[in-house]
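Accompanying notes for the structure given below.
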Amino acid sequence: MEYSIIVEKVSKSYLEQQVLDQVSLNCQPSKIYGIVGKNGSGKTVLFKIISGLAKPDSGTVMVENERIGVNADFPESLGLIIENPGFLFTSSGFNNLKYMASIRKKSEMTKSKILWQKSG
């Protein structure tokens, strides 16, 4: 089975607080995944690690066959809005990502390429 995102045994702590503990996740291309959890459960930290904006204390992350932090610092194929979809305030998060992809002359984004999170 082919995966576009592979997260293997990722852990992350800030000071004395364990935020992620041995998290593993495999995402197939053209599938939609939702990460659901309470505020403070580590959803945003996980997305920052997948995008290369934060480094895990341990574990590995692969996006489109590139190891984040080793082969790539930010995946070329990734479009990402973390926290607030506020680039164009009157547009949805999806439309913001679509617009940014067009600026970078990337192929047309589809909703099937979005990994999203929801606070609970």
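As shown in the structure tokens, the chain order sets the letters A, B, ...; within each chain, residues go from 1, and ligands are also counted from 1 in the order they appear.
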Pick out the residues sitting within 12 Å of Asn71 (chain A), and hand them over as a PDB file with all heavy atoms, in the first residue's frame; count only C-alpha atoms, and ignore anything fewer than 6 positions along from it in its own chain.
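As a result, around27.pdb now contains:
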```
ATOM      1  N   GLY A  52       7.397  20.218   8.967  1.00  0.00           N
ATOM      2  CA  GLY A  52       8.782  20.617   9.178  1.00  0.00           C
ATOM      3  C   GLY A  52       8.940  21.910   9.948  1.00  0.00           C
ATOM      4  O   GLY A  52      10.053  22.400  10.111  1.00  0.00           O
ATOM      5  N   THR A  60      10.193   9.439  13.056  1.00  0.00           N
ATOM      6  CA  THR A  60      10.434   9.927  11.697  1.00  0.00           C
ATOM      7  C   THR A  60       9.127  10.317  11.018  1.00  0.00           C
ATOM      8  O   THR A  60       8.067   9.787  11.340  1.00  0.00           O
ATOM      9  CB  THR A  60      11.126   8.851  10.823  1.00  0.00           C
ATOM     10  OG1 THR A  60      10.291   7.694  10.767  1.00  0.00           O
ATOM     11  CG2 THR A  60      12.473   8.484  11.367  1.00  0.00           C
ATOM     12  N   VAL A  61       9.251  11.251  10.082  1.00  0.00           N
ATOM     13  CA  VAL A  61       8.130  11.702   9.273  1.00  0.00           C
ATOM     14  C   VAL A  61       8.565  11.701   7.821  1.00  0.00           C
ATOM     15  O   VAL A  61       9.600  12.268   7.472  1.00  0.00           O
ATOM     16  CB  VAL A  61       7.669  13.127   9.679  1.00  0.00           C
ATOM     17  CG1 VAL A  61       6.561  13.619   8.768  1.00  0.00           C
ATOM     18  CG2 VAL A  61       7.220  13.151  11.126  1.00  0.00           C
ATOM     19  N   MET A  62       7.743  11.043   6.973  1.00  0.00           N
ATOM     20  CA  MET A  62       7.978  11.022   5.539  1.00  0.00           C
ATOM     21  C   MET A  62       6.768  11.636   4.857  1.00  0.00           C
ATOM     22  O   MET A  62       5.629  11.282   5.171  1.00  0.00           O
ATOM     23  CB  MET A  62       8.155   9.586   5.029  1.00  0.00           C
ATOM     24  CG  MET A  62       9.271   8.803   5.672  1.00  0.00           C
ATOM     25  SD  MET A  62      10.899   9.231   5.066  1.00  0.00           S
ATOM     26  CE  MET A  62      10.819   8.617   3.397  1.00  0.00           C
ATOM     27  N   VAL A  63       7.015  12.568   3.939  1.00  0.00           N
ATOM     28  CA  VAL A  63       5.947  13.162   3.126  1.00  0.00           C
ATOM     29  C   VAL A  63       6.372  13.042   1.673  1.00  0.00           C
ATOM     30  O   VAL A  63       7.431  13.544   1.292  1.00  0.00           O
ATOM     31  CB  VAL A  63       5.691  14.641   3.496  1.00  0.00           C
ATOM     32  CG1 VAL A  63       4.636  15.249   2.581  1.00  0.00           C
ATOM     33  CG2 VAL A  63       5.275  14.771   4.953  1.00  0.00           C
ATOM     34  N   GLU A  64       5.551  12.330   0.878  1.00  0.00           N
ATOM     35  CA  GLU A  64       5.856  12.107  -0.539  1.00  0.00           C
ATOM     36  C   GLU A  64       7.276  11.559  -0.717  1.00  0.00           C
ATOM     37  O   GLU A  64       8.039  12.036  -1.535  1.00  0.00           O
ATOM     38  CB  GLU A  64       5.679  13.405  -1.334  1.00  0.00           C
ATOM     39  CG  GLU A  64       4.286  13.988  -1.276  1.00  0.00           C
ATOM     40  CD  GLU A  64       3.279  13.222  -2.109  1.00  0.00           C
ATOM     41  OE1 GLU A  64       3.669  12.583  -3.091  1.00  0.00           O
ATOM     42  OE2 GLU A  64       2.088  13.265  -1.748  1.00  0.00           O
ATOM     43  N   ASN A  65       7.626  10.569   0.101  1.00  0.00           N
ATOM     44  CA  ASN A  65       8.918   9.869   0.046  1.00  0.00           C
ATOM     45  C   ASN A  65      10.120  10.734   0.411  1.00  0.00           C
ATOM     46  O   ASN A  65      11.250  10.379   0.120  1.00  0.00           O
ATOM     47  CB  ASN A  65       9.139   9.221  -1.326  1.00  0.00           C
ATOM     48  CG  ASN A  65       8.096   8.167  -1.608  1.00  0.00           C
ATOM     49  OD1 ASN A  65       7.747   7.373  -0.744  1.00  0.00           O
ATOM     50  ND2 ASN A  65       7.575   8.181  -2.821  1.00  0.00           N
TER      51      ASN A  65
END
```
- Message: Taking 3 positions as the minimum chain separation for residues in the same chain, which residues sit within 8 Å of region 22-29 of chain A when counting only C-alpha atoms? Answer as number ranges by chain.
- Response: A: 2-11, 33, 59, 113
- Query: In Å, with one decimal, what is the gap from CA of Ile35 (chain A) to CA of Asn96 (chain A)?
  - Reply: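 CA of Asn96 (chain A) lies 20.1 Å from CA of Ile35 (chain A).
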- Query: Rounded to one decimal in Å, what is the spacing between CA of Ile50 (chain A) and CA of Ala72 (chain A)?
  - Reply: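 Atom-to-atom, CA of Ile50 (chain A) and CA of Ala72 (chain A) are spaced 11.0 Å apart.
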- Item | Shortest interatomic distance to Asp57 (chain A) - which of A:Lys98, A:Lys31, A:Leu88, A:Val45, counting only C-alpha atoms |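 Looking at the shortest contact to Asp57 (chain A), the residue is A:Val45.
Interatomic distance, CA of Phe47 (chain A) against CA of Gly69 (chain A): 14.0 Å.
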- Using only C-alpha atoms, which residue out of A:Phe89, A:Ile82, A:Val70, A:Glu16 lies closest to Leu46 (chain A)?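 Closest to Leu46 (chain A) of all the choices is A:Ile82.
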- Of the residues A:Thr90, A:Ser51, A:Met1, A:Tyr14, which is the one nearest to Glu66 (chain A), using only C-alpha atoms? A:Ser51
- Rank nothing, just name the residue among A:Ser92, A:Gln17, A:Tyr99, A:Asp73 nearest to Gly40 (chain A), using only C-alpha atoms.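 Answer, going by the shortest atom-to-atom distance: A:Gln17.
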